[in-house]
Amino acid sequence: MTHRFAVKFAGESGQGINTLGEILAKAIKNSGYHTFAYREYPSIIKGGYASYQMDFSSEELLASSKYSNFLASLAPEALSKYTTLIAPGGVIVHSIKDFEFSDEQLEYIRENKIEVVYIDTQKIAQESDAPLIMANVVILGYLWKLLGFDIKILEKQIRNHFKDKKNLDMEAEIRCLTGGYEFEYEIKGKEFTAKKRTDWSKSKMLTANQAIALGAISAGCRAYYAYPMTPSTDILNVLGSSYMQTGMVVKQAESEITAVQMVMGSMYMGTRAFTATSGGGFDLMSETLSCAGMTETPLVIVLGQRAGSGTGVPTWTGSSDLNVALNTGHGEFPRCVLASSDAIDSYELIQQAFNISEKYQIPVILLTEKQNAESLFNIKELPKPIKIVRSLKEGKNRYEITESGISPRWIPQKGKKTYLTNSDEHTADGISTEDPESIVQMAEKRMRKLLTLKKSIPQPKYYGAEDAKVVFVGMGTTKNAVLDAMKQTEKEIGCLHYEYIFPLQCEKILELSESKKRLVLIENNQTGELGELIKRECSYEFTEKLLKFDSRPFFVEDILDFLKK
Amino acid sequence: MTHRFAVKFAGESGQGINTLGEILAKAIKNSGYHTFAYREYPSIIKGGYASYQMDFSSEELLASSKYSNFLASLAPEALSKYTTLIAPGGVIVHSIKDFEFSDEQLEYIRENKIEVVYIDTQKIAQESDAPLIMANVVILGYLWKLLGFDIKILEKQIRNHFKDKKNLDMEAEIRCLTGGYEFEYEIKGKEFTAKKRTDWSKSKMLTANQAIALGAISAGCRAYYAYPMTPSTDILNVLGSSYMQTGMVVKQAESEITAVQMVMGSMYMGTRAFTATSGGGFDLMSETLSCAGMTETPLVIVLGQRAGSGTGVPTWTGSSDLNVALNTGHGEFPRCVLASSDAIDSYELIQQAFNISEKYQIPVILLTEKQNAESLFNIKELPKPIKIVRSLKEGKNRYEITESGISPRWIPQKGKKTYLTNSDEHTADGISTEDPESIVQMAEKRMRKLLTLKKSIPQPKYYGAEDAKVVFVGMGTTKNAVLDAMKQTEKEIGCLHYEYIFPLQCEKILELSESKKRLVLIENNQTGELGELIKRECSYEFTEKLLKFDSRPFFVEDILDFLKK
Amino acid sequence: MGLSIENYNTKIKNTWCPGCGNFGIHIGLKQALVDLKISPSEVVITFDIGCNGNGVDDIDGYRFKGLHGRSIALACGSHLANRKMTVIADIGDGGCLHEGVEHLIHGIRSNYDITVLIHNNQNFALTTGQATATTKEGKKMYALPDGKPEGDINIGELVLSLNPTFFARAYSGDPKQLTEIVKKGIKHKGFSVIEIMQLCPTYNPQSNGQWFKDRIKETTPKSTISEAVKCVKDTESIYTGVIYQNISRVDFSSKLENRKRIKTELVQEVKQGNIKNILSKYQ
Amino acid sequence: MGLSIENYNTKIKNTWCPGCGNFGIHIGLKQALVDLKISPSEVVITFDIGCNGNGVDDIDGYRFKGLHGRSIALACGSHLANRKMTVIADIGDGGCLHEGVEHLIHGIRSNYDITVLIHNNQNFALTTGQATATTKEGKKMYALPDGKPEGDINIGELVLSLNPTFFARAYSGDPKQLTEIVKKGIKHKGFSVIEIMQLCPTYNPQSNGQWFKDRIKETTPKSTISEAVKCVKDTESIYTGVIYQNISRVDFSSKLENRKRIKTELVQEVKQGNIKNILSKYQ
Ligand SMILES: Cc1ncc(C[n+]2csc(CCOP(=O)(O)OP(=O)(O)O)c2C)c(N)n1
Ligand SMILES: Cc1ncc(C[n+]2csc(CCOP(=O)(O)OP(=O)(O)O)c2C)c(N)n1
Ligand code: SF4
Ligand code: SF4
Ligand SMILES: [Mg+2]
Ligand SMILES: [Mg+2]
């Protein structure tokens, strides 16, 4: 069983939890351990409770454990919230003067033999004659000491991170770090001494949002139009801040409707463009999705799911927008739905989305979730970029009726044949029609694209032992907790993981359903939306479902506990 | 077998086909025959081809026959379009000077022994010293003669229809009518002599749009907010032009988003309000639908479906927006979907929609189609209004967790307890929450409303012989063609008709599926969306499907032809 | 009655950053309602999504936190249902000028009798500081390393171009003046637009207290729209106070012929309507 | 090249009512393109949904008939993808001021180099004559037996309140003048808004040829926005011609620092991008 360790760095929104958390994660990675880092934060700018938890090990890790070994907290609310989520034998380090644990928390600490260390970070900052606002770095130093890691690695990471920050007294920061590292409260035996990965410091840590932005650049995408909305906002940031190197047009639009219309306009003209949003913004894009379906104009939308309907739980995770991705946009037209789970498939699937969207001239929706959009995945390398396939072709009629359903598409260009792209139903030449036969012919032609597309859709990937008795079936980030759980249990478990959600391939599911294996649907929503799709497409109905919809992701323990039942 | 007859009055948009067609339909009704009238018109203001077809009989009629017995045409394009849709032994009457039929049309006329009568309506108008623009009424008079009906009935209808029209020379109109009636070209033996219904002139003829507007008034609805969109625009007209009698606030909003937000605001405050739109407008309302779901605010939306995605075929029919009605709006929340088929159930279901929406505090979507929204149904009387049930109740917490899932809802009022209605996930007091247990508790509470609602949802209605071998299963206007077909065939056919679509009742379907009967799914769309819902909810999969998606409704012949196969 | 600010305070911990202008806006708003002797159960406040919307925990009354950009439309529907309630639409500069600008424009055109408070902190704050139409052109913001490449929208100019009946400017740093302005807005029988220059130390530190103090000048209502336009176009100083008011135009619901003789509100009229005479048309 | 109006005519039967102003608008537009020696394959026209949108069958070029209210947003995305093409957004008064007013407003703010033709026939014509914001207040229209109960929007005032770089008014009854105005709009390097007073004999018979003839007066460009505002606010006469132009402000894409040294268009740049140096940030 893999030895894994989890450190949670917590405090209030506005205390630099995000920045210091990222630094800590990368420093742990650079210390030779595969690291996964998961953020929790409130839907406010200052206050509430926020945290960054690093799970690390010699082996690959893709999910968080529910209970962390160390908890370092800069603020009272975070400390009380997370105390009862510490593993037995864990350590609490906090910097809150005369903090009082509740009875229930004290009881938990006692029962689980948790050590509590109070560290007056402000005093140490003063002693290291550094400004008080740098006090939070002190606790990082002490944590590093507990872990028994090389302080130079963390120091290097801090210097690297703030190297472009003007008017920052770097040496004062380092003095605080060392102050914490040398804090005299010795706790032995908590070091993490698993085998280090060789030259793992060259490995990368990036979120699905960042991987999608990079994948779009690899796919030759030249424009990004978006309206900010958690959890997809950071894609605007990555593409905006790198716009000088890429030359991309990065435009914050005045609404989601404007953003997706500008994407459709740019794709219609023959460049590559996309947008990203969350559930509420995607609802506003649905009419345009239907228009792209009817006009067979390529369209790529990233739907970063978050918990709940309405405004919901804006900064927490969930995967309850599959039905919307599959069905939104009035009328019947072909679409493709993909779902990524980590950084690697996010990087690849956005490129596939562009190729599919241009080849089949259909809207493609790539589903992500707050859980992968905003978590740091540790990867050795990004895979090689996927060959750009544009499938541009001149022809007689832009909407020629063909067997494959794909009509010739050439981009508007001086000297080329003009054509009419028409959101009214139309004949091969694009002219509006009300003639029944033409309407049926064109509707059937468009739908044939789904059959053609399905031929090139890969089967879901099977992970785990062939002879596994229990096979979890899911999409998105659920695979990550299952794969991590495989390394923490003797039990033989398998995971059938869908990246290509629609059109849906059924062979593997039906094969497994005939075997004696226990198939368990695993979804981060309340109604088992993927299960409904599988029932519809493959006539297989799950008898066992592991559904979680409390706005938290699946933790490794959730899988292990389920297996125990 | 019922003896039915069909007269099609056709011409160009802008030639008064709609007005004269309605007059003709009501005059036929007043002549003692049950009449169904169906409009076809182009998505332009002038030109193209338009028609109004009246099917009438001594028995009840709810659908059109594909082939009309008479065709009267004022314009060339309509004449050529509809010539090959005339029943054998039919009559063409037209007023197009030296019109030339194509060879194919001439061949059809010859083969089917169709009489062609050219009538110089302008000459007759001049002879009756009436202005040329009244020429179109001449053809009505001649048609009436062919039918052998009492001219006084048609005259009365014309006088009644234009009684409030200022500066109209009524006597000139009547002289044109009589001129046509006395047109010397005698055709005997085409009269319609079926048994007349006694005092049928008191019966009503109204569209589903009009019935919905009346039903809303009966349901105590006090505000209507809408953005014009075919085929629902006429609801704005009915409520706007009767606003003095009803005292309703009727407001044309600047967009569908504004319209549905104003409905949610008015329902939140405790009055009754609704909006109506078509597919594209409904897409724009989806984010608000999700907000109403999360905040448990009553909401009623009429979705007047039309053919196609995008702008589609705007003035033609289809029923391909069920998936959107069931799934639009991100996240998971309970909703109710109803679908009306004619004037009676439209009048009733809008009242049910208000009661369900207020009782269960959920969004309710009432689906109509261009086919019932804009066709004239002949009914003896509107049923008695349904008792208004508001389910208002004071309580401690507006979002109290209850077994039934229904929390107390009292309307904002001076002196009453204030409360917070919050589109963020919230606890019983409405305050935003990020706490996992509260999130699960509230999500489960909301969904329990579906179970409670399902208990009061009626089973689908079964029409036709108990021992029918073939049973059509459908929703919306498909029932009308099946019921009419029952009267035209010896074969025993049944129809299982759903008005309450979601939550879906399965008992009857499962019962029928166990019987030896051939179950045939009948839908006016391409992918059999109701069939997919039945598969999902009842685990029953149709092997036979009659799907029509050419933007035309099911004609009686479509059912009869299917039965012959 | 003994109404006081206390009646409007809630027990919920506030979540704004220290020094945020939203504190001042709520103090001013609560005082206005207290001065007008309006109790919480007579007030309906619709909230947008943003830091302004997180104010929903901070003030009592019937509150509806709806969707981003839609609080004005939600308020209009609420108002028409029950004109006895004081209806206030609270919205950020992002929600008001970007996502939901159509509602501001047509709200002015229809002249519904509600009060709109625009928290103009010159950025999308809650989504961590993106530029809005009121962010100065050229200013470096989120994902704009070389500054905002587009022009700005002057809220006053936009509003005044639509023949409004009430436009005022207030400042979150001057709750007293804000109270007086909000009182006039509420008493105004029509669509009252109040642009509130709001401090946002986190994402708009440049426009701090001093910055505003140097620029804010109180002014008096202008008699014509063109004078009011001159006043709002001034780039040196920021004029606050009621800048334009037209009391000659009647509010929307008073213009409805069919409501003129009806004394009740829509919320009191949900009874089975008579369709007999309308039905006769369909014979 | 020998470009002529013929090159822009199509074989498709036109569907407008006899006497509709759309005929004049298309004649003027085609002539403008011919005069500028722009061939159909160099033109992209986005159409809205309405009678104006049904013009898609009447003129050649790369045409995209999209959704109601969205032709401006569609045109902006098309323009940025290939600035070598002449991009025109065609839209009705309903689509432009109601469903899609946000696109007009932010198009002006961003100053994209496209030309917007607003067919102002003062009603929603294709849905059979409902009132729009440009229908006179009080006028009886569809479902408004006692007249429109709301105020109007003066397109000129709204546009001029947003610091536009080009606003002109034309008249469908004067295709010659329309041609000259459209040519100036297309040559203008920025967001050119052209409001075209359009005859609609079917639903707006009152504003017929004579009505316009009595009111239309040609004018010359004003040097300041406030003068231009005075000109458009005039209720007696309808001033036509280029009313305001500002050539000092650069169009959106020319302001983009990262595009200044790039000669190609986005449509020519779809090649695998280099992420090596960006990726280093994630180590
Ligand atoms: C449809 C939709 N799009 C985007 C968002 C994300 N969002 C939440 S708050 C916010 C910005 C708010 O800015 P502003 O309206 O100025 O309010 P402030 O935070 O500055 O008070 C955005 C874009 C959303 N909630 N809904
Ligand atoms: C989302 C949506 N809402 C409503 C409609 C219905 N619709 C079609 S044309 C039209 C009015 C067009 O008026 P305008 O934009 O002024 O153009 P005109 O017909 O006057 O040329 C409307 C409301 C639609 N097609 N899409
Ligand atoms: S980010 Fe700005 S607006 Fe938001 S709470 Fe902080 S100071 Fe106030
Ligand atoms: S209704 Fe008006 S705008 Fe439409 S085609 Fe006829 S005249 Fe032209
Ligand atoms: Mg803001
Ligand atoms: Mg118009």
# chains A, B, ... in the order shown; residues from 1 in each chain; ligands from 1

call {"tool": "residues_around", "arguments": {"residues": "Gly129 of chain D", "least_positions_apart": "4", "cutoff": "8 Å", "atoms": "only C-alpha atoms", "output": "list in words"}}
result
Asn123, Phe124, Ala125, Met141, Tyr142 and Tyr203 of chain D

call {"tool": "write_last_selection", "arguments": {"atoms": "N, CA and C atoms", "output": "short mmCIF file (atom, residue, chain, number, x, y, z; two decimals), in the first residue's frame"}}
result
data_model
loop_
_atom_site.label_atom_id
_atom_site.label_comp_id
_atom_site.auth_asym_id
_atom_site.auth_seq_id
_atom_site.Cartn_x
_atom_site.Cartn_y
_atom_site.Cartn_z
N ASN D 123 -40.80 49.70 -35.11
CA ASN D 123 -41.66 48.62 -34.60
C ASN D 123 -40.98 47.29 -34.81
N PHE D 124 -41.51 46.29 -34.07
CA PHE D 124 -41.10 44.89 -34.31
C PHE D 124 -41.96 44.46 -35.51
N ALA D 125 -41.44 44.53 -36.71
CA ALA D 125 -42.31 44.30 -37.88
C ALA D 125 -42.59 42.82 -38.09
N MET D 141 -50.48 50.34 -30.54
CA MET D 141 -49.78 49.27 -31.27
C MET D 141 -50.36 47.92 -30.84
N TYR D 142 -49.73 46.86 -31.31
CA TYR D 142 -50.16 45.48 -30.98
C TYR D 142 -50.29 45.34 -29.46
N TYR D 203 -46.69 48.49 -40.94
CA TYR D 203 -46.97 48.67 -39.50
C TYR D 203 -46.65 50.08 -39.02
#

call {"tool": "interface_residues", "arguments": {"of": "chain B", "to": "chain C", "cutoff": "7 Å", "atoms": "only C-alpha atoms", "output": "ChimeraX atom specification"}}
result
/B:202-206,214,217-222,243-244,246-247,254,258,261-266,269-272,291,412-423,431

call {"tool": "closest_residue", "arguments": {"among": "C:Gly151, C:Gly53, C:Gly2, C:Pro18", "to": "ligand 1", "atoms": "only C-alpha atoms and all ligand atoms"}}
result
C:Gly53

call {"tool": "interface_residues", "arguments": {"of": "chain A", "to": "chain B", "cutoff": "7 Å", "atoms": "only C-alpha atoms", "output": "ChimeraX atom specification"}}
result
/A:279-280,283-284,286-287,290-291,294,308-313,320-321,323-324,327-333,423-425,434,436-437,439-440,532,535-536,549-551

call {"tool": "write_last_selection", "arguments": {"atoms": "N, CA, C and O atoms", "output": "short mmCIF file (atom, residue, chain, number, x, y, z; two decimals), in the first residue's frame"}}
result
data_model
loop_
_atom_site.label_atom_id
_atom_site.label_comp_id
_atom_site.auth_asym_id
_atom_site.auth_seq_id
_atom_site.Cartn_x
_atom_site.Cartn_y
_atom_site.Cartn_z
N GLY A 279 -22.02 26.96 -14.78
CA GLY A 279 -23.41 26.60 -15.08
C GLY A 279 -24.29 27.77 -15.50
O GLY A 279 -24.89 27.75 -16.59
N GLY A 280 -24.33 28.82 -14.68
CA GLY A 280 -25.21 29.96 -14.96
C GLY A 280 -24.85 30.63 -16.28
O GLY A 280 -25.73 30.96 -17.09
N ASP A 283 -25.92 28.45 -19.20
CA ASP A 283 -27.35 28.59 -19.51
C ASP A 283 -27.56 29.73 -20.51
O ASP A 283 -28.33 29.61 -21.46
N LEU A 284 -26.84 30.84 -20.28
CA LEU A 284 -27.02 32.02 -21.15
C LEU A 284 -26.48 31.76 -22.56
O LEU A 284 -26.82 32.48 -23.50
N SER A 286 -26.99 28.93 -24.20
CA SER A 286 -27.67 27.78 -24.82
C SER A 286 -28.32 28.15 -26.16
O SER A 286 -28.31 27.35 -27.10
N GLU A 287 -28.86 29.37 -26.29
CA GLU A 287 -29.52 29.72 -27.57
C GLU A 287 -28.48 29.72 -28.70
O GLU A 287 -28.72 29.24 -29.80
N SER A 290 -27.60 26.30 -29.88
CA SER A 290 -28.60 25.78 -30.82
C SER A 290 -28.37 26.38 -32.22
O SER A 290 -28.48 25.69 -33.24
N CYS A 291 -27.97 27.65 -32.24
CA CYS A 291 -27.70 28.32 -33.53
C CYS A 291 -26.48 27.69 -34.20
O CYS A 291 -26.48 27.45 -35.41
N MET A 294 -27.58 24.39 -35.70
CA MET A 294 -28.35 24.55 -36.95
C MET A 294 -27.46 25.01 -38.10
O MET A 294 -27.59 24.56 -39.23
N GLY A 308 -24.34 23.07 -7.06
CA GLY A 308 -25.64 23.70 -6.84
C GLY A 308 -26.25 24.36 -8.07
O GLY A 308 -25.60 24.64 -9.08
N SER A 309 -27.59 24.57 -7.98
CA SER A 309 -28.28 25.35 -9.04
C SER A 309 -28.27 26.81 -8.57
O SER A 309 -27.74 27.12 -7.48
N GLY A 310 -28.82 27.70 -9.42
CA GLY A 310 -28.78 29.14 -9.09
C GLY A 310 -27.32 29.56 -8.89
O GLY A 310 -26.43 29.09 -9.61
N THR A 311 -27.07 30.46 -7.94
CA THR A 311 -25.67 30.82 -7.68
C THR A 311 -24.98 29.66 -6.95
O THR A 311 -23.76 29.49 -7.06
N GLY A 312 -25.75 28.84 -6.24
CA GLY A 312 -25.27 27.56 -5.69
C GLY A 312 -24.22 27.76 -4.61
O GLY A 312 -24.40 28.58 -3.70
N VAL A 313 -23.15 26.96 -4.69
CA VAL A 313 -22.04 27.09 -3.73
C VAL A 313 -20.82 27.45 -4.60
O VAL A 313 -20.04 26.57 -4.99
N SER A 320 -22.97 18.42 -11.62
CA SER A 320 -24.44 18.26 -11.81
C SER A 320 -24.93 19.04 -13.03
O SER A 320 -26.09 19.44 -13.10
N ASP A 321 -24.01 19.28 -13.99
CA ASP A 321 -24.43 20.00 -15.20
C ASP A 321 -24.32 19.13 -16.46
O ASP A 321 -24.34 19.64 -17.58
N ASN A 323 -26.58 16.96 -17.58
CA ASN A 323 -27.86 17.03 -18.32
C ASN A 323 -27.97 18.31 -19.14
O ASN A 323 -28.46 18.30 -20.28
N VAL A 324 -27.47 19.41 -18.54
CA VAL A 324 -27.53 20.68 -19.27
C VAL A 324 -26.61 20.61 -20.50
O VAL A 324 -27.02 20.96 -21.61
N ASN A 327 -28.33 18.48 -23.16
CA ASN A 327 -29.68 18.79 -23.67
C ASN A 327 -29.95 20.27 -23.95
O ASN A 327 -30.93 20.59 -24.61
N THR A 328 -29.11 21.17 -23.39
CA THR A 328 -29.46 22.60 -23.49
C THR A 328 -29.47 23.06 -24.95
O THR A 328 -28.82 22.44 -25.81
N GLY A 329 -30.25 24.09 -25.23
CA GLY A 329 -30.32 24.58 -26.63
C GLY A 329 -31.48 23.89 -27.33
O GLY A 329 -31.45 22.67 -27.54
N HIS A 330 -32.52 24.69 -27.64
CA HIS A 330 -33.77 24.09 -28.16
C HIS A 330 -33.55 23.34 -29.46
O HIS A 330 -32.58 23.57 -30.20
N GLY A 331 -34.51 22.45 -29.76
CA GLY A 331 -34.47 21.69 -31.01
C GLY A 331 -33.46 20.55 -30.94
O GLY A 331 -32.84 20.29 -29.92
N GLU A 332 -33.34 19.84 -32.07
CA GLU A 332 -32.46 18.66 -32.11
C GLU A 332 -31.31 18.93 -33.08
O GLU A 332 -31.53 19.26 -34.26
N PHE A 333 -30.11 18.79 -32.57
CA PHE A 333 -28.90 18.98 -33.41
C PHE A 333 -27.78 18.19 -32.74
O PHE A 333 -27.82 17.94 -31.52
N SER A 423 -29.47 30.60 -39.76
CA SER A 423 -30.04 29.91 -38.58
C SER A 423 -31.48 29.48 -38.82
O SER A 423 -32.05 28.73 -38.01
N ASP A 424 -32.10 29.95 -39.91
CA ASP A 424 -33.36 29.33 -40.36
C ASP A 424 -33.00 27.98 -40.97
O ASP A 424 -31.90 27.82 -41.56
N GLU A 425 -33.92 27.01 -40.96
CA GLU A 425 -33.67 25.76 -41.69
C GLU A 425 -33.46 26.14 -43.16
O GLU A 425 -34.07 27.10 -43.66
N GLU A 434 -39.04 26.16 -46.19
CA GLU A 434 -40.19 25.69 -45.40
C GLU A 434 -40.72 24.41 -46.04
O GLU A 434 -41.79 23.92 -45.69
N PRO A 436 -41.19 20.63 -46.65
CA PRO A 436 -41.08 19.46 -45.76
C PRO A 436 -39.95 18.50 -46.13
O PRO A 436 -39.17 18.09 -45.24
N GLU A 437 -39.81 18.16 -47.39
CA GLU A 437 -38.75 17.18 -47.76
C GLU A 437 -37.36 17.76 -47.45
O GLU A 437 -36.53 17.08 -46.82
N ILE A 439 -36.57 19.92 -45.30
CA ILE A 439 -36.38 20.00 -43.84
C ILE A 439 -35.94 18.64 -43.28
O ILE A 439 -34.97 18.55 -42.53
N VAL A 440 -36.62 17.59 -43.74
CA VAL A 440 -36.26 16.24 -43.26
C VAL A 440 -34.85 15.88 -43.72
O VAL A 440 -34.01 15.41 -42.94
N GLU A 532 -27.99 7.88 -15.90
CA GLU A 532 -29.19 8.03 -16.75
C GLU A 532 -28.80 7.96 -18.23
O GLU A 532 -29.48 7.33 -19.03
N LYS A 535 -28.06 4.44 -19.13
CA LYS A 535 -29.32 3.68 -19.24
C LYS A 535 -29.96 3.97 -20.60
O LYS A 535 -30.40 3.07 -21.31
N ARG A 536 -29.93 5.25 -20.99
CA ARG A 536 -30.59 5.66 -22.24
C ARG A 536 -29.88 5.06 -23.44
O ARG A 536 -30.50 4.47 -24.32
N PHE A 549 -22.96 14.73 -3.05
CA PHE A 549 -23.36 16.07 -3.56
C PHE A 549 -23.37 17.08 -2.43
O PHE A 549 -24.31 17.85 -2.25
N ASP A 550 -22.29 17.04 -1.61
CA ASP A 550 -22.18 18.00 -0.49
C ASP A 550 -21.21 19.12 -0.85
O ASP A 550 -20.68 19.80 0.03
N SER A 551 -20.92 19.27 -2.16
CA SER A 551 -20.04 20.33 -2.70
C SER A 551 -18.56 20.04 -2.41
O SER A 551 -17.70 20.87 -2.73
#

call {"tool": "residues_around", "arguments": {"residues": "Asp93 of chain C", "least_positions_apart": "3", "cutoff": "10 Å", "atoms": "only C-alpha atoms", "output": "list in words"}}
result
Gly50, Asn52, Gly69, Cys96, Leu97, His98, Glu99, Gly100, Val101, Leu117, Ile118, His119, Asn120, Asn121, Gln122, Asn123, Phe124, Ala125, Thr132, Ala133, Thr134, Thr135, Ile155, Glu195, Ile196, Met197 and Gln198 of chain C

call {"tool": "select_by_dssp", "arguments": {"residues": "segment 330-560 of chain A", "states": "strand (DSSP E or B)", "output": "NGL selection string"}}
result
:A and (336-339 or 363-369 or 376-379 or 420-422 or 424 or 426 or 432 or 461-464 or 470-475 or 493-498 or 500-502 or 518-523 or 544-547)

call {"tool": "residues_near_ligand", "arguments": {"ligand": "ligand 3", "cutoff": "6 Å", "atoms": "only C-alpha atoms and all ligand atoms", "output": "list in words"}}
result
Ile45 of chain A; Trp16, Cys17, Cys20, Cys51, Ala125, Leu126, Cys200, Pro201, Thr202 and Tyr203 of chain C

call {"tool": "interface_residues", "arguments": {"of": "chain C", "to": "chain D", "cutoff": "6 Å", "atoms": "only C-alpha atoms", "output": "compact mmCIF listing (two decimals) with C-alpha atoms, in the first residue's frame"}}
result
# COMPACT_ATOMS: atom_id res chain seq x y z
CA ARG C 109 -37.60 54.17 -20.19
CA SER C 110 -40.52 52.55 -18.34
CA GLU C 150 -11.23 49.93 -24.22
CA GLY C 151 -13.12 53.12 -23.45
CA GLU C 157 -24.03 60.30 -19.32
CA LEU C 158 -25.63 56.96 -20.21
CA SER C 161 -29.26 60.13 -22.50

call {"tool": "atom_distance", "arguments": {"atom1": "atom CA of Phe212 of chain C", "atom2": "atom CA of Ala131 of chain C"}}
result
19.3 Å

call {"tool": "residues_around", "arguments": {"residues": "segment 123-129 of chain A", "least_positions_apart": "5", "cutoff": "6 Å", "atoms": "only C-alpha atoms", "output": "list in words"}}
result
Ala135, Arg175 and Cys176 of chain A

call {"tool": "write_last_selection", "arguments": {"atoms": "all heavy atoms", "output": "PDB file, in the first residue's frame"}}
result
ATOM      1  N   ALA A 135       4.484  37.550   8.689  1.00  0.00           N
ATOM      2  CA  ALA A 135       4.456  36.560   9.784  1.00  0.00           C
ATOM      3  C   ALA A 135       3.996  35.197   9.276  1.00  0.00           C
ATOM      4  O   ALA A 135       4.491  34.160   9.715  1.00  0.00           O
ATOM      5  CB  ALA A 135       3.514  37.062  10.877  1.00  0.00           C
ATOM      6  N   ARG A 175      14.174  35.469   6.217  1.00  0.00           N
ATOM      7  CA  ARG A 175      14.500  35.448   7.662  1.00  0.00           C
ATOM      8  C   ARG A 175      13.313  34.881   8.448  1.00  0.00           C
ATOM      9  O   ARG A 175      13.444  34.083   9.373  1.00  0.00           O
ATOM     10  CB  ARG A 175      14.842  36.863   8.152  1.00  0.00           C
ATOM     11  CG  ARG A 175      16.267  37.329   7.764  1.00  0.00           C
ATOM     12  CD  ARG A 175      16.729  38.514   8.609  1.00  0.00           C
ATOM     13  NE  ARG A 175      15.866  39.695   8.425  1.00  0.00           N
ATOM     14  CZ  ARG A 175      15.973  40.564   7.390  1.00  0.00           C
ATOM     15  NH1 ARG A 175      16.916  40.341   6.460  1.00  0.00           N
ATOM     16  NH2 ARG A 175      15.188  41.610   7.288  1.00  0.00           N
ATOM     17  N   CYS A 176      12.090  35.260   7.999  1.00  0.00           N
ATOM     18  CA  CYS A 176      10.897  34.727   8.680  1.00  0.00           C
ATOM     19  C   CYS A 176      10.841  33.211   8.517  1.00  0.00           C
ATOM     20  O   CYS A 176      10.570  32.458   9.450  1.00  0.00           O
ATOM     21  CB  CYS A 176       9.643  35.349   8.055  1.00  0.00           C
ATOM     22  SG  CYS A 176       9.388  37.057   8.551  1.00  0.00           S
TER      23      CYS A 176
END

call {"tool": "atom_distance", "arguments": {"atom1": "atom CA of Asn136 of chain A", "atom2": "atom CA of Gly32 of chain A"}}
result
24.5 Å

call {"tool": "closest_atom_pairs", "arguments": {"of": "chain B", "to": "ligand 4", "cutoff": "10 Å", "atoms": "only C-alpha atoms and all ligand atoms", "output": "Markdown table"}}
result
| residue | atom | partner | partner_atom_place_in_ligand_line | distance |
| --- | --- | --- | --- | --- |
| B:Gly14 | CA | ligand 4 | 6 (Fe) | 9.4 |
| B:Ile44 | CA | ligand 4 | 5 (S) | 7.1 |
| B:Ile45 | CA | ligand 4 | 1 (S) | 5.4 |
| B:Lys46 | CA | ligand 4 | 6 (Fe) | 6.6 |
| B:Gly47 | CA | ligand 4 | 5 (S) | 9.7 |

call {"tool": "closest_residue", "arguments": {"among": "A:Val7, A:Ile133, A:Ala259, A:Ala63", "to": "ligand 1", "atoms": "only C-alpha atoms and all ligand atoms"}}
result
A:Ala259

call {"tool": "select_by_dssp", "arguments": {"residues": "segment 21-254 of chain D", "states": "helix (DSSP H, G or I)", "output": "PyMOL selection string"}}
result
chain D and resi 21-35+40-42+53-57+71-81+93-99+101-110+155-160+175-187+209-215+225-233+252-254

call {"tool": "atom_distance", "arguments": {"atom1": "atom CA of Gly395 of chain A", "atom2": "atom CA of Pro408 of chain A"}}
result
5.3 Å
